[in-house]
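Visitor: This is the content of start-v1.pdb (PDB, C-alpha atoms):
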```
MODEL        1
ATOM      1  CA  MET A   1       2.063  -0.972 -17.792  1.00  0.00           C
ATOM      2  CA  SER A   2       4.156   2.136 -17.835  1.00  0.00           C
ATOM      3  CA  THR A   3       7.182   3.356 -15.965  1.00  0.00           C
ATOM      4  CA  SER A   4       4.973   6.095 -14.530  1.00  0.00           C
ATOM      5  CA  LEU A   5       3.059   3.405 -12.627  1.00  0.00           C
ATOM      6  CA  ILE A   6       6.314   2.218 -11.104  1.00  0.00           C
ATOM      7  CA  SER A   7       7.162   5.799 -10.115  1.00  0.00           C
ATOM      8  CA  ASP A   8       3.684   6.298  -8.675  1.00  0.00           C
ATOM      9  CA  LEU A   9       3.952   3.127  -6.594  1.00  0.00           C
ATOM     10  CA  GLU A  10       7.460   4.031  -5.445  1.00  0.00           C
ATOM     11  CA  SER A  11       6.107   7.374  -4.238  1.00  0.00           C
ATOM     12  CA  CYS A  12       3.905   5.457  -1.794  1.00  0.00           C
ATOM     13  CA  TRP A  13       7.103   4.193  -0.136  1.00  0.00           C
ATOM     14  CA  ASP A  14       8.978   7.528  -0.252  1.00  0.00           C
ATOM     15  CA  TRP A  15      10.558   8.268   3.141  1.00  0.00           C
ATOM     16  CA  GLU A  16       9.375  11.878   3.288  1.00  0.00           C
ATOM     17  CA  SER A  17       5.866  11.743   1.899  1.00  0.00           C
ATOM     18  CA  GLY A  18       4.916   8.132   1.234  1.00  0.00           C
ATOM     19  CA  PHE A  19       2.054   6.565   3.146  1.00  0.00           C
ATOM     20  CA  PHE A  20       3.979   3.426   4.085  1.00  0.00           C
ATOM     21  CA  ALA A  21       7.077   5.273   5.333  1.00  0.00           C
ATOM     22  CA  LYS A  22       4.893   7.608   7.373  1.00  0.00           C
ATOM     23  CA  LEU A  23       2.989   4.658   8.813  1.00  0.00           C
ATOM     24  CA  ARG A  24       6.278   3.075   9.822  1.00  0.00           C
ATOM     25  CA  ARG A  25       7.086   6.273  11.726  1.00  0.00           C
ATOM     26  CA  GLY A  26       3.691   6.207  13.451  1.00  0.00           C
ATOM     27  CA  GLN A  27       2.114   8.940  11.332  1.00  0.00           C
ATOM     28  CA  TRP A  28      -1.383   8.507   9.957  1.00  0.00           C
ATOM     29  CA  ASP A  29      -1.744  10.534   6.753  1.00  0.00           C
ATOM     30  CA  VAL A  30      -5.186  10.202   5.196  1.00  0.00           C
ATOM     31  CA  SER A  31      -4.228  12.100   2.044  1.00  0.00           C
ATOM     32  CA  ALA A  32      -1.216   9.811   1.529  1.00  0.00           C
ATOM     33  CA  LEU A  33      -3.519   6.802   2.026  1.00  0.00           C
ATOM     34  CA  GLU A  34      -5.948   8.184  -0.566  1.00  0.00           C
ATOM     35  CA  HIS A  35      -3.000   8.641  -2.927  1.00  0.00           C
ATOM     36  CA  VAL A  36      -2.193   4.917  -2.577  1.00  0.00           C
ATOM     37  CA  LEU A  37      -5.809   3.911  -3.111  1.00  0.00           C
ATOM     38  CA  ASN A  38      -6.132   6.174  -6.174  1.00  0.00           C
ATOM     39  CA  ILE A  39      -3.046   4.623  -7.743  1.00  0.00           C
ATOM     40  CA  LEU A  40      -4.297   1.109  -7.036  1.00  0.00           C
ATOM     41  CA  SER A  41      -7.803   1.778  -8.317  1.00  0.00           C
ATOM     42  CA  ALA A  42      -6.386   3.119 -11.598  1.00  0.00           C
ATOM     43  CA  ILE A  43      -4.515  -0.103 -12.342  1.00  0.00           C
ATOM     44  CA  ASP A  44      -6.442  -1.996 -14.992  1.00  0.00           C
ATOM     45  CA  VAL A  45      -5.291  -5.487 -15.922  1.00  0.00           C
ATOM     46  CA  ASN A  46      -6.755  -8.518 -17.633  1.00  0.00           C
ATOM     47  CA  ASP A  47      -5.603 -12.105 -18.021  1.00  0.00           C
ATOM     48  CA  SER A  48      -3.302 -11.207 -20.906  1.00  0.00           C
ATOM     49  CA  THR A  49      -1.661  -8.222 -19.202  1.00  0.00           C
ATOM     50  CA  ALA A  50       1.974  -8.714 -18.265  1.00  0.00           C
ATOM     51  CA  ILE A  51       2.735  -7.026 -14.953  1.00  0.00           C
ATOM     52  CA  PRO A  52       6.332  -5.903 -14.433  1.00  0.00           C
ATOM     53  CA  ARG A  53       8.177  -7.620 -11.605  1.00  0.00           C
ATOM     54  CA  ARG A  54       8.801  -4.302  -9.813  1.00  0.00           C
ATOM     55  CA  VAL A  55       5.073  -3.529  -9.789  1.00  0.00           C
ATOM     56  CA  VAL A  56       4.244  -6.967  -8.393  1.00  0.00           C
ATOM     57  CA  SER A  57       6.912  -6.654  -5.713  1.00  0.00           C
ATOM     58  CA  MET A  58       5.511  -3.359  -4.456  1.00  0.00           C
ATOM     59  CA  LEU A  59       1.924  -4.586  -4.590  1.00  0.00           C
ATOM     60  CA  TRP A  60       2.271  -7.885  -2.740  1.00  0.00           C
ATOM     61  CA  TYR A  61       4.421  -6.241  -0.084  1.00  0.00           C
ATOM     62  CA  MET A  62       1.791  -3.641   0.894  1.00  0.00           C
ATOM     63  CA  PRO A  63      -0.543  -5.873   2.944  1.00  0.00           C
ATOM     64  CA  LEU A  64       2.387  -7.728   4.479  1.00  0.00           C
ATOM     65  CA  PHE A  65       4.028  -4.461   5.501  1.00  0.00           C
ATOM     66  CA  MET A  66       0.788  -3.205   7.010  1.00  0.00           C
ATOM     67  CA  SER A  67       0.419  -6.358   9.094  1.00  0.00           C
ATOM     68  CA  TRP A  68       3.892  -5.710  10.511  1.00  0.00           C
ATOM     69  CA  GLN A  69       2.803  -2.252  11.672  1.00  0.00           C
ATOM     70  CA  ASN A  70       0.272  -3.467  14.262  1.00  0.00           C
ATOM     71  CA  GLU A  71       2.552  -2.662  17.181  1.00  0.00           C
ATOM     72  CA  GLN A  72       3.457   0.743  15.739  1.00  0.00           C
ATOM     73  CA  VAL A  73      -0.233   1.527  15.298  1.00  0.00           C
ATOM     74  CA  SER A  74      -0.944   0.671  18.937  1.00  0.00           C
ATOM     75  CA  GLU A  75       2.035   2.618  20.272  1.00  0.00           C
ATOM     76  CA  SER A  76       1.434   5.747  18.210  1.00  0.00           C
ATOM     77  CA  GLY A  77      -2.270   6.065  18.942  1.00  0.00           C
ATOM     78  CA  ILE A  78      -3.437   5.591  15.358  1.00  0.00           C
ATOM     79  CA  ASP A  79      -7.122   4.733  15.315  1.00  0.00           C
ATOM     80  CA  ARG A  80      -7.262   0.936  15.045  1.00  0.00           C
ATOM     81  CA  GLN A  81     -10.536   0.920  13.090  1.00  0.00           C
ATOM     82  CA  SER A  82      -9.191   3.385  10.486  1.00  0.00           C
ATOM     83  CA  PHE A  83      -6.015   1.326  10.144  1.00  0.00           C
ATOM     84  CA  GLU A  84      -7.890  -1.946   9.652  1.00  0.00           C
ATOM     85  CA  LEU A  85     -10.256  -0.361   7.131  1.00  0.00           C
ATOM     86  CA  ALA A  86      -7.273   0.990   5.182  1.00  0.00           C
ATOM     87  CA  ALA A  87      -5.529  -2.394   5.265  1.00  0.00           C
ATOM     88  CA  ASN A  88      -8.685  -4.080   3.976  1.00  0.00           C
ATOM     89  CA  ARG A  89      -9.162  -1.525   1.201  1.00  0.00           C
ATOM     90  CA  ILE A  90      -5.582  -1.964   0.036  1.00  0.00           C
ATOM     91  CA  GLN A  91      -5.885  -5.756   0.212  1.00  0.00           C
ATOM     92  CA  GLU A  92      -9.100  -5.653  -1.851  1.00  0.00           C
ATOM     93  CA  GLN A  93      -7.445  -3.579  -4.567  1.00  0.00           C
ATOM     94  CA  ILE A  94      -4.439  -5.875  -4.734  1.00  0.00           C
ATOM     95  CA  GLU A  95      -6.701  -8.927  -4.970  1.00  0.00           C
ATOM     96  CA  ARG A  96      -8.546  -7.204  -7.826  1.00  0.00           C
ATOM     97  CA  ILE A  97      -5.266  -6.495  -9.612  1.00  0.00           C
ATOM     98  CA  LEU A  98      -3.354  -9.734  -8.997  1.00  0.00           C
ATOM     99  CA  GLY A  99      -6.204 -12.149  -8.313  1.00  0.00           C
ATOM    100  CA  VAL A 100      -6.385 -14.707  -5.549  1.00  0.00           C
ATOM    101  CA  PRO A 101      -5.044 -18.267  -5.561  1.00  0.00           C
TER     102      PRO A 101
ENDMDL
END
```
Output the file's structure as structure tokens, nothing else.

Guide:
Amino acid sequence: MSTSLISDLESCWDWESGFFAKLRRGQWDVSALEHVLNILSAIDVNDSTAIPRRVVSMLWYMPLFMSWQNEQVSESGIDRQSFELAANRIQEQIERILGVP
């Protein structure tokens, strides 16, 4: 896993352009969401792959963060169905990458 992956994941949290920061502000940015999903789908790991702690921290936090945004989604008028679909797609990618217990 490269440092560019860490930079790519950090960009998803960037205050100005990152999907998660925008979501926190009540902005729904489909292109920023697609950016997140593209990064996640490009991550290829197997049982012998060591995943850096920083990568894991950003990955596991994504679904948790999205669950905390339910009120913001309701208040800002973001389409609930689009939000839930996005949350599920992100969760599926993270389960693919990290596995499930």

Visitor: Leaving out region 24-34 of chain A and any residue of its chain fewer than 2 positions from it, which residues lie within 8 Å of it when counting only C-alpha atoms, given as a VMD selection string?

Guide: chain A and resid 12 17 to 22 36 to 38 69 72 to 73 75 to 76 78 86

Visitor: List the residues matched by the PyMOL selection byres ((chain A and resi 47) around 12) in the displayed structure as number ranges by chain, ordered by chain and then by residue number.

Guide: A: 44-46, 48-51, 96-99

Visitor: Write a file of the selected residues as a compact mmCIF listing (two decimals), in the coordinates of the input, keeping C-alpha atoms.

Guide:
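Full text of out13.txt as output:
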```txt
# COMPACT_ATOMS: atom_id res chain seq x y z
CA ASP A 44 -6.44 -2.00 -14.99
CA VAL A 45 -5.29 -5.49 -15.92
CA ASN A 46 -6.76 -8.52 -17.63
CA SER A 48 -3.30 -11.21 -20.91
CA THR A 49 -1.66 -8.22 -19.20
CA ALA A 50 1.97 -8.71 -18.26
CA ILE A 51 2.74 -7.03 -14.95
CA ARG A 96 -8.55 -7.20 -7.83
CA ILE A 97 -5.27 -6.50 -9.61
CA LEU A 98 -3.35 -9.73 -9.00
CA GLY A 99 -6.20 -12.15 -8.31
```

Visitor: With all atoms listed in the file as the atoms that count, which of A:Val100, A:Arg53, A:Ile94, A:Gln81 lies nearest to Ser41 (chain A)?

Guide: A:Ile94

Visitor: Near Leu5 (chain A), counting all atoms listed in the file, which residues have an atom at most 9 Å away, once you skip same-chain residues fewer than 5 positions from it, shown as a list in words?

Guide: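 With the cut-off at 9 Å, the set is Glu10, Ile39, Ile43 and Val55 of chain A.
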
Visitor: Could you check which of A:Trp60, A:Leu23, A:Asp8, A:Trp15 is closest to Phe83 (chain A), using all atoms listed in the file?

Guide: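 Smallest separation from Phe83 (chain A) among the options: A:Leu23.
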
Visitor: Output region 80-91 of chain A with all heavy atoms present, as a short mmCIF file (atom, residue, chain, number, x, y, z; two decimals), in the coordinates of the input.

Guide:
```cif
data_model
loop_
_atom_site.label_atom_id
_atom_site.label_comp_id
_atom_site.auth_asym_id
_atom_site.auth_seq_id
_atom_site.Cartn_x
_atom_site.Cartn_y
_atom_site.Cartn_z
N ARG A 80 -7.32 2.33 15.49
CA ARG A 80 -7.26 0.94 15.04
C ARG A 80 -8.28 0.66 13.94
O ARG A 80 -8.00 -0.02 12.97
CB ARG A 80 -7.48 0.02 16.25
CG ARG A 80 -7.68 -1.44 15.93
CD ARG A 80 -6.49 -2.16 15.41
NE ARG A 80 -5.33 -2.01 16.26
CZ ARG A 80 -4.11 -2.37 15.89
NH1 ARG A 80 -3.91 -2.91 14.70
NH2 ARG A 80 -3.08 -2.20 16.66
N GLN A 81 -9.49 1.17 14.09
CA GLN A 81 -10.54 0.92 13.09
C GLN A 81 -10.16 1.53 11.73
O GLN A 81 -10.35 0.89 10.69
CB GLN A 81 -11.87 1.48 13.58
CG GLN A 81 -13.03 1.12 12.67
CD GLN A 81 -14.36 1.57 13.23
OE1 GLN A 81 -14.43 2.26 14.25
NE2 GLN A 81 -15.42 1.19 12.56
N SER A 82 -9.62 2.74 11.74
CA SER A 82 -9.19 3.38 10.49
C SER A 82 -8.07 2.59 9.83
O SER A 82 -8.05 2.41 8.61
CB SER A 82 -8.72 4.81 10.75
OG SER A 82 -9.77 5.60 11.22
N PHE A 83 -7.13 2.12 10.65
CA PHE A 83 -6.02 1.33 10.14
C PHE A 83 -6.51 0.03 9.50
O PHE A 83 -6.11 -0.31 8.40
CB PHE A 83 -5.03 1.02 11.28
CG PHE A 83 -3.94 0.07 10.88
CD1 PHE A 83 -2.88 0.48 10.11
CD2 PHE A 83 -3.99 -1.26 11.28
CE1 PHE A 83 -1.87 -0.40 9.73
CE2 PHE A 83 -3.00 -2.15 10.93
CZ PHE A 83 -1.93 -1.72 10.14
N GLU A 84 -7.39 -0.68 10.18
CA GLU A 84 -7.89 -1.95 9.65
C GLU A 84 -8.71 -1.74 8.39
O GLU A 84 -8.62 -2.54 7.45
CB GLU A 84 -8.69 -2.68 10.73
CG GLU A 84 -7.79 -3.21 11.83
CD GLU A 84 -8.53 -3.87 12.98
OE1 GLU A 84 -9.77 -4.01 12.92
OE2 GLU A 84 -7.84 -4.25 13.95
N LEU A 85 -9.49 -0.67 8.34
CA LEU A 85 -10.26 -0.36 7.13
C LEU A 85 -9.31 -0.08 5.97
O LEU A 85 -9.51 -0.58 4.85
CB LEU A 85 -11.17 0.84 7.37
CG LEU A 85 -11.99 1.31 6.17
CD1 LEU A 85 -12.94 0.21 5.69
CD2 LEU A 85 -12.77 2.56 6.51
N ALA A 86 -8.26 0.69 6.22
CA ALA A 86 -7.27 0.99 5.18
C ALA A 86 -6.59 -0.28 4.70
O ALA A 86 -6.43 -0.49 3.49
CB ALA A 86 -6.24 1.99 5.71
N ALA A 87 -6.19 -1.13 5.63
CA ALA A 87 -5.53 -2.39 5.26
C ALA A 87 -6.45 -3.25 4.40
O ALA A 87 -6.01 -3.84 3.40
CB ALA A 87 -5.10 -3.15 6.51
N ASN A 88 -7.72 -3.30 4.76
CA ASN A 88 -8.68 -4.08 3.98
C ASN A 88 -8.90 -3.49 2.59
O ASN A 88 -8.99 -4.23 1.60
CB ASN A 88 -10.02 -4.18 4.71
CG ASN A 88 -9.96 -5.10 5.90
OD1 ASN A 88 -9.10 -5.98 5.99
ND2 ASN A 88 -10.85 -4.89 6.85
N ARG A 89 -8.96 -2.17 2.50
CA ARG A 89 -9.16 -1.52 1.20
C ARG A 89 -7.97 -1.78 0.28
O ARG A 89 -8.14 -2.05 -0.92
CB ARG A 89 -9.40 -0.02 1.38
CG ARG A 89 -10.75 0.28 2.03
CD ARG A 89 -10.94 1.74 2.30
NE ARG A 89 -11.06 2.51 1.06
CZ ARG A 89 -10.95 3.84 0.99
NH1 ARG A 89 -10.69 4.55 2.07
NH2 ARG A 89 -11.08 4.45 -0.16
N ILE A 90 -6.78 -1.70 0.83
CA ILE A 90 -5.58 -1.96 0.04
C ILE A 90 -5.56 -3.43 -0.40
O ILE A 90 -5.29 -3.74 -1.56
CB ILE A 90 -4.31 -1.56 0.83
CG1 ILE A 90 -4.22 -0.04 0.91
CG2 ILE A 90 -3.06 -2.16 0.20
CD1 ILE A 90 -3.15 0.49 1.83
N GLN A 91 -5.86 -4.33 0.53
CA GLN A 91 -5.88 -5.76 0.21
C GLN A 91 -6.90 -6.05 -0.90
O GLN A 91 -6.60 -6.80 -1.84
CB GLN A 91 -6.24 -6.56 1.47
CG GLN A 91 -6.33 -8.06 1.24
CD GLN A 91 -4.97 -8.70 1.05
OE1 GLN A 91 -4.02 -8.33 1.73
NE2 GLN A 91 -4.87 -9.63 0.13
#
```
